[in-house]
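Written out below as structure tokens is the structure these notes cover.
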Amino acid sequence: MVASRMRCPGAVAGTANRHSTRRNQRQVPPVLPSEAEVLRSVWSLYGDELRPYGRLLRKRLAEQLGPRLQFCTDSQLRTICEISPFLRVEHEELGDESTGEWSALLVNGSPKFVDVYSVDDAYPEEVWSAAEAHFEAVGGNLVLPRGRYASARVLLAQRLPFLAGCTL
């Protein structure tokens with residue numbers, strides 16, 4: 001009889017702990033990245049000649065900060081960028097409509113970004129020949145992660161001579 005008085009009226013046995021756990025989880029304030037951490041990630045993307053779109057900035061921050069970033073929403077990250085006097089947030093538009101995509105650019109930076117959708121090939125034939133020879137040599141033993149960026153990071157980490165001086 002004592003146990004029934006401790007439960008909420010109409011509650012099913014065992015639900016009180018589940019609800020109190022959810023309540024406790026909501027009370028934990030999210031730990032947002034600092035402005036310095038965001039700036040470091042933006043600089044990192046500039047170094048890789050990648051335009052710091054919000055989605056790429058979030059991925060780079062996740063690489064640098066780990067699971068702590070999971071509590072930061074895209075709108076919170078954008079707000080951090082908008083508040084920073086060192087960043088300028090640009091919203092991308094397609095025709096007359098906003099795409100919802102945004103990027104955080106350095107106020108005093110001189111961007112030189114790679115156009116990942118360009119059909120122009122910026123690399124000399126020697127790079128492609130060396131890459132082909134490498135991939136033929138490893139045969140089916142090379143396993144790369146999904147996605148261009150993740151695959152590029154794995155290849156760059158191998159310090160392959162034909163990729164020396166190349167950005168991600």
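Simple scheme: letters A, B, ... for chains in structure tokens order, numbers from 1 for residues in each chain, numbers from 1 for ligands in the order shown.
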How close does stretch 23-138 of chain A get to stretch 154-161 of chain A? List, as a Markdown table, each residue of stretch 23-138 of chain A within 10 Å, its nearest atom pair and the distance in Å to one decimal, counting only C-alpha atoms.
| residue | atom | partner | partner_atom | distance |
| --- | --- | --- | --- | --- |
| A:Val127 | CA | A:Pro161 | CA | 9.3 |
| A:Ala130 | CA | A:Pro161 | CA | 8.6 |
| A:Ala131 | CA | A:Leu160 | CA | 8.9 |
| A:His134 | CA | A:Leu160 | CA | 8.8 |
Selected residues written out with N, CA, C and O atoms, as an mmCIF file, in the first residue's frame:
data_model
loop_
_atom_site.group_PDB
_atom_site.id
_atom_site.type_symbol
_atom_site.label_atom_id
_atom_site.label_comp_id
_atom_site.auth_asym_id
_atom_site.auth_seq_id
_atom_site.Cartn_x
_atom_site.Cartn_y
_atom_site.Cartn_z
ATOM 1 N N VAL A 127 49.829 13.343 -61.296
ATOM 2 C CA VAL A 127 49.109 13.007 -60.058
ATOM 3 C C VAL A 127 48.166 11.839 -60.321
ATOM 4 O O VAL A 127 48.110 10.876 -59.540
ATOM 5 N N ALA A 130 50.123 8.537 -60.846
ATOM 6 C CA ALA A 130 50.626 8.002 -59.576
ATOM 7 C C ALA A 130 49.485 7.443 -58.733
ATOM 8 O O ALA A 130 49.637 6.396 -58.087
ATOM 9 N N ALA A 131 48.340 8.109 -58.759
ATOM 10 C CA ALA A 131 47.170 7.617 -58.008
ATOM 11 C C ALA A 131 46.706 6.281 -58.579
ATOM 12 O O ALA A 131 46.427 5.333 -57.828
ATOM 13 N N HIS A 134 49.058 3.566 -57.510
ATOM 14 C CA HIS A 134 48.856 3.230 -56.095
ATOM 15 C C HIS A 134 47.636 2.329 -55.913
ATOM 16 O O HIS A 134 47.710 1.306 -55.225
#
(message) For a quick check of understanding, using only C-alpha atoms, which of A:Leu77, A:Arg146, A:Arg55, A:Glu63 has the smallest distance to A:Val38?
(response)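 Ranking A:Leu77, A:Arg146, A:Arg55, A:Glu63 by distance to A:Val38, first place goes to A:Leu77.
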Spatial neighbours of A:Leu39, 12 Å, only C-alpha atoms, chain gap at least 4 places, as a PDB file with all heavy atoms, in the first residue's frame:
ATOM      1  N   PRO A  33      29.945  24.860 -28.354  1.00  0.00           N
ATOM      2  CA  PRO A  33      31.341  25.163 -28.664  1.00  0.00           C
ATOM      3  C   PRO A  33      31.607  26.638 -28.420  1.00  0.00           C
ATOM      4  O   PRO A  33      30.734  27.487 -28.599  1.00  0.00           O
ATOM      5  CB  PRO A  33      31.467  24.809 -30.145  1.00  0.00           C
ATOM      6  CG  PRO A  33      30.090  24.803 -30.673  1.00  0.00           C
ATOM      7  CD  PRO A  33      29.181  24.473 -29.531  1.00  0.00           C
ATOM      8  N   SER A  34      32.802  26.952 -28.006  1.00  0.00           N
ATOM      9  CA  SER A  34      33.177  28.345 -27.784  1.00  0.00           C
ATOM     10  C   SER A  34      33.427  29.024 -29.125  1.00  0.00           C
ATOM     11  O   SER A  34      33.613  28.367 -30.155  1.00  0.00           O
ATOM     12  CB  SER A  34      34.438  28.418 -26.920  1.00  0.00           C
ATOM     13  OG  SER A  34      35.545  27.940 -27.653  1.00  0.00           O
ATOM     14  N   GLU A  35      33.470  30.329 -29.095  1.00  0.00           N
ATOM     15  CA  GLU A  35      33.775  31.076 -30.304  1.00  0.00           C
ATOM     16  C   GLU A  35      35.157  30.683 -30.826  1.00  0.00           C
ATOM     17  O   GLU A  35      35.350  30.518 -32.035  1.00  0.00           O
ATOM     18  CB  GLU A  35      33.722  32.578 -30.023  1.00  0.00           C
ATOM     19  CG  GLU A  35      34.061  33.424 -31.237  1.00  0.00           C
ATOM     20  CD  GLU A  35      34.160  34.898 -30.915  1.00  0.00           C
ATOM     21  OE1 GLU A  35      34.640  35.237 -29.810  1.00  0.00           O
ATOM     22  OE2 GLU A  35      33.787  35.700 -31.779  1.00  0.00           O
ATOM     23  N   TRP A  43      38.928  28.185 -39.637  1.00  0.00           N
ATOM     24  CA  TRP A  43      40.283  28.298 -40.175  1.00  0.00           C
ATOM     25  C   TRP A  43      40.733  26.976 -40.780  1.00  0.00           C
ATOM     26  O   TRP A  43      41.401  26.940 -41.820  1.00  0.00           O
ATOM     27  CB  TRP A  43      41.268  28.730 -39.084  1.00  0.00           C
ATOM     28  CG  TRP A  43      41.381  30.215 -38.938  1.00  0.00           C
ATOM     29  CD1 TRP A  43      40.901  30.980 -37.917  1.00  0.00           C
ATOM     30  CD2 TRP A  43      41.997  31.121 -39.849  1.00  0.00           C
ATOM     31  NE1 TRP A  43      41.188  32.299 -38.144  1.00  0.00           N
ATOM     32  CE2 TRP A  43      41.869  32.418 -39.330  1.00  0.00           C
ATOM     33  CE3 TRP A  43      42.650  30.953 -41.070  1.00  0.00           C
ATOM     34  CZ2 TRP A  43      42.365  33.541 -39.977  1.00  0.00           C
ATOM     35  CZ3 TRP A  43      43.140  32.079 -41.714  1.00  0.00           C
ATOM     36  CH2 TRP A  43      42.995  33.358 -41.157  1.00  0.00           C
ATOM     37  N   SER A  44      40.381  25.896 -40.133  1.00  0.00           N
ATOM     38  CA  SER A  44      40.747  24.569 -40.618  1.00  0.00           C
ATOM     39  C   SER A  44      40.124  24.302 -41.988  1.00  0.00           C
ATOM     40  O   SER A  44      40.773  23.773 -42.891  1.00  0.00           O
ATOM     41  CB  SER A  44      40.306  23.521 -39.592  1.00  0.00           C
ATOM     42  OG  SER A  44      40.463  22.235 -40.094  1.00  0.00           O
ATOM     43  N   LEU A  45      38.863  24.678 -42.143  1.00  0.00           N
ATOM     44  CA  LEU A  45      38.195  24.494 -43.439  1.00  0.00           C
ATOM     45  C   LEU A  45      38.810  25.408 -44.497  1.00  0.00           C
ATOM     46  O   LEU A  45      38.971  25.004 -45.653  1.00  0.00           O
ATOM     47  CB  LEU A  45      36.693  24.739 -43.302  1.00  0.00           C
ATOM     48  CG  LEU A  45      35.943  23.653 -42.532  1.00  0.00           C
ATOM     49  CD1 LEU A  45      34.540  24.108 -42.160  1.00  0.00           C
ATOM     50  CD2 LEU A  45      35.890  22.360 -43.332  1.00  0.00           C
ATOM     51  N   TYR A  46      39.156  26.635 -44.119  1.00  0.00           N
ATOM     52  CA  TYR A  46      39.860  27.527 -45.045  1.00  0.00           C
ATOM     53  C   TYR A  46      41.169  26.881 -45.492  1.00  0.00           C
ATOM     54  O   TYR A  46      41.530  26.938 -46.663  1.00  0.00           O
ATOM     55  CB  TYR A  46      40.165  28.875 -44.377  1.00  0.00           C
ATOM     56  CG  TYR A  46      39.136  29.956 -44.619  1.00  0.00           C
ATOM     57  CD1 TYR A  46      37.878  29.888 -44.053  1.00  0.00           C
ATOM     58  CD2 TYR A  46      39.443  31.075 -45.400  1.00  0.00           C
ATOM     59  CE1 TYR A  46      36.949  30.893 -44.245  1.00  0.00           C
ATOM     60  CE2 TYR A  46      38.524  32.089 -45.611  1.00  0.00           C
ATOM     61  CZ  TYR A  46      37.272  31.997 -45.034  1.00  0.00           C
ATOM     62  OH  TYR A  46      36.356  32.993 -45.240  1.00  0.00           O
ATOM     63  N   PRO A  52      33.236  27.076 -45.610  1.00  0.00           N
ATOM     64  CA  PRO A  52      32.700  26.606 -44.323  1.00  0.00           C
ATOM     65  C   PRO A  52      31.169  26.681 -44.239  1.00  0.00           C
ATOM     66  O   PRO A  52      30.603  27.485 -43.506  1.00  0.00           O
ATOM     67  CB  PRO A  52      33.372  27.511 -43.288  1.00  0.00           C
ATOM     68  CG  PRO A  52      33.921  28.663 -44.033  1.00  0.00           C
ATOM     69  CD  PRO A  52      33.995  28.313 -45.475  1.00  0.00           C
ATOM     70  N   LEU A  57      31.002  22.777 -41.256  1.00  0.00           N
ATOM     71  CA  LEU A  57      31.538  23.311 -40.002  1.00  0.00           C
ATOM     72  C   LEU A  57      31.141  22.411 -38.845  1.00  0.00           C
ATOM     73  O   LEU A  57      31.946  22.125 -37.961  1.00  0.00           O
ATOM     74  CB  LEU A  57      31.014  24.736 -39.795  1.00  0.00           C
ATOM     75  CG  LEU A  57      31.470  25.465 -38.542  1.00  0.00           C
ATOM     76  CD1 LEU A  57      32.990  25.511 -38.449  1.00  0.00           C
ATOM     77  CD2 LEU A  57      30.879  26.867 -38.527  1.00  0.00           C
ATOM     78  N   ARG A  58      29.928  21.935 -38.876  1.00  0.00           N
ATOM     79  CA  ARG A  58      29.455  21.024 -37.823  1.00  0.00           C
ATOM     80  C   ARG A  58      30.262  19.724 -37.829  1.00  0.00           C
ATOM     81  O   ARG A  58      30.654  19.213 -36.777  1.00  0.00           O
ATOM     82  CB  ARG A  58      27.970  20.746 -38.012  1.00  0.00           C
ATOM     83  CG  ARG A  58      27.368  19.937 -36.915  1.00  0.00           C
ATOM     84  CD  ARG A  58      25.840  19.921 -37.045  1.00  0.00           C
ATOM     85  NE  ARG A  58      25.261  19.069 -36.069  1.00  0.00           N
ATOM     86  CZ  ARG A  58      25.196  19.349 -34.767  1.00  0.00           C
ATOM     87  NH1 ARG A  58      25.666  20.474 -34.310  1.00  0.00           N
ATOM     88  NH2 ARG A  58      24.655  18.501 -33.931  1.00  0.00           N
ATOM     89  N   ARG A  60      33.360  19.324 -38.951  1.00  0.00           N
ATOM     90  CA  ARG A  60      34.712  19.625 -38.507  1.00  0.00           C
ATOM     91  C   ARG A  60      34.747  19.796 -36.988  1.00  0.00           C
ATOM     92  O   ARG A  60      35.657  19.321 -36.318  1.00  0.00           O
ATOM     93  CB  ARG A  60      35.225  20.876 -39.226  1.00  0.00           C
ATOM     94  CG  ARG A  60      36.658  21.257 -38.954  1.00  0.00           C
ATOM     95  CD  ARG A  60      37.657  20.160 -39.354  1.00  0.00           C
ATOM     96  NE  ARG A  60      37.569  19.718 -40.704  1.00  0.00           N
ATOM     97  CZ  ARG A  60      38.295  20.148 -41.722  1.00  0.00           C
ATOM     98  NH1 ARG A  60      39.201  21.086 -41.537  1.00  0.00           N
ATOM     99  NH2 ARG A  60      38.143  19.639 -42.933  1.00  0.00           N
ATOM    100  N   LEU A  61      33.744  20.478 -36.437  1.00  0.00           N
ATOM    101  CA  LEU A  61      33.669  20.629 -34.982  1.00  0.00           C
ATOM    102  C   LEU A  61      33.518  19.264 -34.307  1.00  0.00           C
ATOM    103  O   LEU A  61      34.115  19.015 -33.267  1.00  0.00           O
ATOM    104  CB  LEU A  61      32.496  21.533 -34.593  1.00  0.00           C
ATOM    105  CG  LEU A  61      32.766  23.030 -34.679  1.00  0.00           C
ATOM    106  CD1 LEU A  61      31.456  23.807 -34.663  1.00  0.00           C
ATOM    107  CD2 LEU A  61      33.675  23.480 -33.558  1.00  0.00           C
ATOM    108  N   GLN A  64      36.782  17.643 -34.012  1.00  0.00           N
ATOM    109  CA  GLN A  64      37.655  18.276 -33.022  1.00  0.00           C
ATOM    110  C   GLN A  64      37.136  18.153 -31.596  1.00  0.00           C
ATOM    111  O   GLN A  64      37.929  18.062 -30.666  1.00  0.00           O
ATOM    112  CB  GLN A  64      37.861  19.744 -33.380  1.00  0.00           C
ATOM    113  CG  GLN A  64      38.595  19.919 -34.690  1.00  0.00           C
ATOM    114  CD  GLN A  64      38.710  21.363 -35.130  1.00  0.00           C
ATOM    115  OE1 GLN A  64      38.066  22.247 -34.583  1.00  0.00           O
ATOM    116  NE2 GLN A  64      39.530  21.605 -36.137  1.00  0.00           N
ATOM    117  N   LEU A  77      24.598  26.780 -33.533  1.00  0.00           N
ATOM    118  CA  LEU A  77      25.899  26.978 -34.166  1.00  0.00           C
ATOM    119  C   LEU A  77      25.867  28.222 -35.051  1.00  0.00           C
ATOM    120  O   LEU A  77      26.797  29.035 -35.023  1.00  0.00           O
ATOM    121  CB  LEU A  77      26.293  25.743 -34.982  1.00  0.00           C
ATOM    122  CG  LEU A  77      27.602  25.817 -35.746  1.00  0.00           C
ATOM    123  CD1 LEU A  77      28.771  26.127 -34.822  1.00  0.00           C
ATOM    124  CD2 LEU A  77      27.834  24.512 -36.501  1.00  0.00           C
ATOM    125  N   ILE A  80      26.069  31.308 -32.876  1.00  0.00           N
ATOM    126  CA  ILE A  80      27.450  31.548 -32.412  1.00  0.00           C
ATOM    127  C   ILE A  80      28.239  32.265 -33.510  1.00  0.00           C
ATOM    128  O   ILE A  80      28.975  33.213 -33.249  1.00  0.00           O
ATOM    129  CB  ILE A  80      28.136  30.227 -32.009  1.00  0.00           C
ATOM    130  CG1 ILE A  80      27.469  29.636 -30.766  1.00  0.00           C
ATOM    131  CG2 ILE A  80      29.632  30.434 -31.781  1.00  0.00           C
ATOM    132  CD1 ILE A  80      27.890  28.213 -30.458  1.00  0.00           C
ATOM    133  N   CYS A  81      28.063  31.817 -34.741  1.00  0.00           N
ATOM    134  CA  CYS A  81      28.774  32.428 -35.870  1.00  0.00           C
ATOM    135  C   CYS A  81      28.278  33.848 -36.129  1.00  0.00           C
ATOM    136  O   CYS A  81      29.085  34.752 -36.410  1.00  0.00           O
ATOM    137  CB  CYS A  81      28.601  31.577 -37.127  1.00  0.00           C
ATOM    138  SG  CYS A  81      29.369  29.951 -37.014  1.00  0.00           S
ATOM    139  N   GLU A  82      26.979  34.070 -36.043  1.00  0.00           N
ATOM    140  CA  GLU A  82      26.416  35.400 -36.294  1.00  0.00           C
ATOM    141  C   GLU A  82      26.852  36.420 -35.239  1.00  0.00           C
ATOM    142  O   GLU A  82      27.032  37.596 -35.543  1.00  0.00           O
ATOM    143  CB  GLU A  82      24.885  35.320 -36.345  1.00  0.00           C
ATOM    144  CG  GLU A  82      24.367  34.619 -37.574  1.00  0.00           C
ATOM    145  CD  GLU A  82      22.885  34.331 -37.553  1.00  0.00           C
ATOM    146  OE1 GLU A  82      22.275  34.297 -36.460  1.00  0.00           O
ATOM    147  OE2 GLU A  82      22.323  34.115 -38.653  1.00  0.00           O
ATOM    148  N   SER A  84      29.714  36.349 -33.544  1.00  0.00           N
ATOM    149  CA  SER A  84      31.163  36.571 -33.579  1.00  0.00           C
ATOM    150  C   SER A  84      31.518  37.772 -34.459  1.00  0.00           C
ATOM    151  O   SER A  84      31.088  37.841 -35.620  1.00  0.00           O
ATOM    152  CB  SER A  84      31.885  35.337 -34.117  1.00  0.00           C
ATOM    153  OG  SER A  84      33.257  35.624 -34.291  1.00  0.00           O
ATOM    154  N   PRO A  85      32.331  38.681 -33.942  1.00  0.00           N
ATOM    155  CA  PRO A  85      32.761  39.817 -34.770  1.00  0.00           C
ATOM    156  C   PRO A  85      33.791  39.406 -35.832  1.00  0.00           C
ATOM    157  O   PRO A  85      34.100  40.196 -36.722  1.00  0.00           O
ATOM    158  CB  PRO A  85      33.398  40.783 -33.751  1.00  0.00           C
ATOM    159  CG  PRO A  85      33.838  39.918 -32.617  1.00  0.00           C
ATOM    160  CD  PRO A  85      32.861  38.760 -32.569  1.00  0.00           C
ATOM    161  N   PHE A  86      34.291  38.177 -35.746  1.00  0.00           N
ATOM    162  CA  PHE A  86      35.305  37.705 -36.686  1.00  0.00           C
ATOM    163  C   PHE A  86      34.703  36.946 -37.865  1.00  0.00           C
ATOM    164  O   PHE A  86      35.416  36.596 -38.801  1.00  0.00           O
ATOM    165  CB  PHE A  86      36.308  36.796 -35.972  1.00  0.00           C
ATOM    166  CG  PHE A  86      36.961  37.467 -34.805  1.00  0.00           C
ATOM    167  CD1 PHE A  86      36.586  37.150 -33.509  1.00  0.00           C
ATOM    168  CD2 PHE A  86      37.927  38.449 -34.995  1.00  0.00           C
ATOM    169  CE1 PHE A  86      37.172  37.773 -32.424  1.00  0.00           C
ATOM    170  CE2 PHE A  86      38.526  39.076 -33.915  1.00  0.00           C
ATOM    171  CZ  PHE A  86      38.143  38.746 -32.618  1.00  0.00           C
ATOM    172  N   LEU A  87      33.393  36.670 -37.801  1.00  0.00           N
ATOM    173  CA  LEU A  87      32.734  35.882 -38.844  1.00  0.00           C
ATOM    174  C   LEU A  87      31.588  36.660 -39.474  1.00  0.00           C
ATOM    175  O   LEU A  87      30.948  37.493 -38.834  1.00  0.00           O
ATOM    176  CB  LEU A  87      32.199  34.568 -38.263  1.00  0.00           C
ATOM    177  CG  LEU A  87      33.235  33.587 -37.734  1.00  0.00           C
ATOM    178  CD1 LEU A  87      32.550  32.414 -37.052  1.00  0.00           C
ATOM    179  CD2 LEU A  87      34.139  33.100 -38.852  1.00  0.00           C
ATOM    180  N   ARG A  88      31.342  36.352 -40.710  1.00  0.00           N
ATOM    181  CA  ARG A  88      30.204  36.897 -41.457  1.00  0.00           C
ATOM    182  C   ARG A  88      29.397  35.711 -41.980  1.00  0.00           C
ATOM    183  O   ARG A  88      29.946  34.862 -42.691  1.00  0.00           O
ATOM    184  CB  ARG A  88      30.714  37.756 -42.612  1.00  0.00           C
ATOM    185  CG  ARG A  88      29.628  38.375 -43.450  1.00  0.00           C
ATOM    186  CD  ARG A  88      30.193  39.207 -44.602  1.00  0.00           C
ATOM    187  NE  ARG A  88      30.584  38.330 -45.715  1.00  0.00           N
ATOM    188  CZ  ARG A  88      31.824  38.101 -46.124  1.00  0.00           C
ATOM    189  NH1 ARG A  88      32.847  38.640 -45.505  1.00  0.00           N
ATOM    190  NH2 ARG A  88      32.072  37.302 -47.143  1.00  0.00           N
ATOM    191  N   ALA A 104      29.869  30.324 -42.825  1.00  0.00           N
ATOM    192  CA  ALA A 104      30.504  31.266 -41.908  1.00  0.00           C
ATOM    193  C   ALA A 104      31.859  31.646 -42.488  1.00  0.00           C
ATOM    194  O   ALA A 104      32.777  30.830 -42.513  1.00  0.00           O
ATOM    195  CB  ALA A 104      30.663  30.634 -40.531  1.00  0.00           C
ATOM    196  N   LEU A 105      31.959  32.871 -42.963  1.00  0.00           N
ATOM    197  CA  LEU A 105      33.185  33.338 -43.604  1.00  0.00           C
ATOM    198  C   LEU A 105      33.947  34.267 -42.677  1.00  0.00           C
ATOM    199  O   LEU A 105      33.351  35.013 -41.895  1.00  0.00           O
ATOM    200  CB  LEU A 105      32.846  34.070 -44.900  1.00  0.00           C
ATOM    201  CG  LEU A 105      32.055  33.254 -45.922  1.00  0.00           C
ATOM    202  CD1 LEU A 105      31.643  34.133 -47.090  1.00  0.00           C
ATOM    203  CD2 LEU A 105      32.855  32.065 -46.391  1.00  0.00           C
ATOM    204  N   LEU A 106      35.263  34.224 -42.759  1.00  0.00           N
ATOM    205  CA  LEU A 106      36.095  35.113 -41.966  1.00  0.00           C
ATOM    206  C   LEU A 106      35.939  36.538 -42.486  1.00  0.00           C
ATOM    207  O   LEU A 106      35.996  36.772 -43.701  1.00  0.00           O
ATOM    208  CB  LEU A 106      37.560  34.688 -42.047  1.00  0.00           C
ATOM    209  CG  LEU A 106      37.881  33.333 -41.420  1.00  0.00           C
ATOM    210  CD1 LEU A 106      39.272  32.876 -41.831  1.00  0.00           C
ATOM    211  CD2 LEU A 106      37.756  33.413 -39.908  1.00  0.00           C
ATOM    212  N   VAL A 107      35.725  37.482 -41.573  1.00  0.00           N
ATOM    213  CA  VAL A 107      35.532  38.877 -41.964  1.00  0.00           C
ATOM    214  C   VAL A 107      36.758  39.389 -42.708  1.00  0.00           C
ATOM    215  O   VAL A 107      36.645  40.060 -43.728  1.00  0.00           O
ATOM    216  CB  VAL A 107      35.223  39.750 -40.720  1.00  0.00           C
ATOM    217  CG1 VAL A 107      35.256  41.227 -41.063  1.00  0.00           C
ATOM    218  CG2 VAL A 107      33.880  39.372 -40.129  1.00  0.00           C
ATOM    219  N   GLY A 109      39.192  37.415 -43.985  1.00  0.00           N
ATOM    220  CA  GLY A 109      39.822  36.335 -44.736  1.00  0.00           C
ATOM    221  C   GLY A 109      39.726  36.559 -46.229  1.00  0.00           C
ATOM    222  O   GLY A 109      38.862  37.289 -46.712  1.00  0.00           O
TER     223      GLY A 109
END
(request) Point out the residue among A:Thr79, A:Asn141, A:Ser110, A:Thr167 with the least atom-to-atom distance to A:Ala122, counting only C-alpha atoms. (result)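 Closest to A:Ala122, using only C-alpha atoms: A:Thr167.
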(message) What's the separation between atom CA of A:Arg153 and atom CA of A:Gln76, in Å to one decimal place?
(response)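 Atom-to-atom, atom CA of A:Arg153 and atom CA of A:Gln76 are spaced 27.2 Å apart.
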